[in-house]
Amino acid sequence: NCTITDNSLSLLTNIHTLQLSYNCTITDNSLSLLTNIYTLELANNCTITDNSLSLLTNIYTLELANNCTITDNSLSLLTNIHTLQLSYNCTITDNSLSLLTNIHTLELSNNYTITDNSLSLLTNIHTL
C-alpha cells in the first residue's frame, strides 16, 4: 500500500504487527519510532534501511525476503530475534547470522550468502 505514509505510521508507537511488503512510502523516519514492534514484514521493500532496523532490538519476527537495503550492520544487533525470513536476500551474510544464536526459525530459500560456517553455530535452531 503506497498511500500509507510516515505521517500516520509515526503515531502508531504501540503497534504489534506491521506488514510493509511492497511499500514504497514508509521510511526510516517513522519505523525508527516503533521500537516495541513484535512482527515486521519488509519483503520487497527498498525504503527501509539499517538506520531504523538497528533500533528494533526487541523484534521477534522479521521478514526480509528480496530486500536489498538491510545488511549485516543492523541484523547483527537483533540478537533476541526468534523468527527470520531471508529468502532471496543477498545482503545478509554469515557475519551477522552467526551472532543470532537464539534464533528458533530461519528461512533461507534462494539465499546463497549463508554457509555452513554460520549455521553450525545456531545450535538452538528448531526450524530451517
# chains A, B, ... in the order shown; residues from 1 in each chain; ligands from 1
$ residues_around --residues "Ile4 of chain A" --least-positions-apart "2" --cutoff "10 Å" --atoms "only C-alpha atoms" --output "list in words"
Asn1, Cys2, Asp6, Asn7, Ser8, Leu9, Leu20, Asn23, Cys24, Thr25 and Ile26 of chain A
$ select_by_dssp --residues "segment 49-120 of chain A" --states "helix (DSSP H, G or I)" --output "VMD selection string"
chain A and resid 50 to 53 72 to 75 94 to 97 116 to 119
$ closest_residue --among "A:Ile15, A:Leu84, A:Leu55, A:Leu100" --to "Leu42 of chain A" --atoms "only C-alpha atoms"
A:Leu84
$ atom_distance --atom1 "atom CA of Ser21 of chain A" --atom2 "atom CA of Ser76 of chain A"
21.7 Å
$ residues_around --residues "Ile70 of chain A" --least-positions-apart "2" --cutoff "9 Å" --atoms "only C-alpha atoms" --output "PyMOL selection string"
chain A and resi 46+48-51+53+64+67-68+72-75+91-92
$ write_last_selection --atoms "C-alpha atoms" --output "compact mmCIF listing (two decimals), in the first residue's frame"
# COMPACT_ATOMS: atom_id res chain seq x y z
CA CYS A 46 13.71 -0.74 -0.63
CA ILE A 48 13.78 0.88 4.97
CA THR A 49 17.49 0.72 5.85
CA ASP A 50 19.84 -0.32 8.64
CA ASN A 51 19.32 3.07 10.25
CA LEU A 53 16.11 -1.59 11.77
CA LEU A 64 13.37 -9.61 4.78
CA ASN A 67 15.21 -6.88 0.48
CA CYS A 68 18.37 -5.19 -0.77
CA ASP A 72 24.72 -7.31 8.42
CA ASN A 73 25.19 -3.99 10.21
CA SER A 74 21.68 -3.93 11.63
CA LEU A 75 20.85 -7.62 11.67
CA THR A 91 22.99 -8.64 1.57
CA ILE A 92 22.90 -10.74 4.75
$ atom_distance --atom1 "atom CA of Asn111 of chain A" --atom2 "atom CA of Glu63 of chain A"
13.5 Å
$ closest_residue --among "A:Thr127, A:Ser52, A:Ser10, A:Ser109" --to "Thr69 of chain A" --atoms "only C-alpha atoms"
A:Ser52
$ atom_distance --atom1 "atom CA of Thr101 of chain A" --atom2 "atom CA of Tyr22 of chain A"
29.4 Å
$ residues_around --residues "Asn14 of chain A" --least-positions-apart "5" --cutoff "8 Å" --atoms "only C-alpha atoms" --output "ChimeraX atom specification"
/A:34,36-37
$ residues_around --residues "Thr113 of chain A" --least-positions-apart "6" --cutoff "12 Å" --atoms "only C-alpha atoms" --output "PyMOL selection string"
chain A and resi 71-72+86-97+119
$ residues_around --residues "Asn102 of chain A" --least-positions-apart "6" --cutoff "8 Å" --atoms "only C-alpha atoms" --output "JSON, numbers by chain"
{"A": [79, 80, 81, 82, 122, 124, 125]}
$ residues_around --residues "Leu18 of chain A" --least-positions-apart "3" --cutoff "7 Å" --atoms "only C-alpha atoms" --output "compact mmCIF listing (two decimals) with N, CA, C and O atoms, in the first residue's frame"
# COMPACT_ATOMS: atom_id res chain seq x y z
N THR A 39 6.34 -8.01 15.25
CA THR A 39 6.43 -8.68 13.96
C THR A 39 6.47 -7.63 12.85
O THR A 39 5.63 -6.73 12.82
N LEU A 40 7.44 -7.78 11.95
CA LEU A 40 7.60 -6.80 10.88
C LEU A 40 7.93 -7.52 9.57
O LEU A 40 8.83 -8.35 9.52
N GLU A 41 7.16 -7.20 8.54
CA GLU A 41 7.40 -7.74 7.20
C GLU A 41 7.91 -6.62 6.31
O GLU A 41 7.25 -5.60 6.14
$ select_by_dssp --residues "segment 3-126 of chain A" --states "strand (DSSP E or B)" --output "PyMOL selection string"
chain A and resi 17-19+39-41+61-63+83-85+105-107
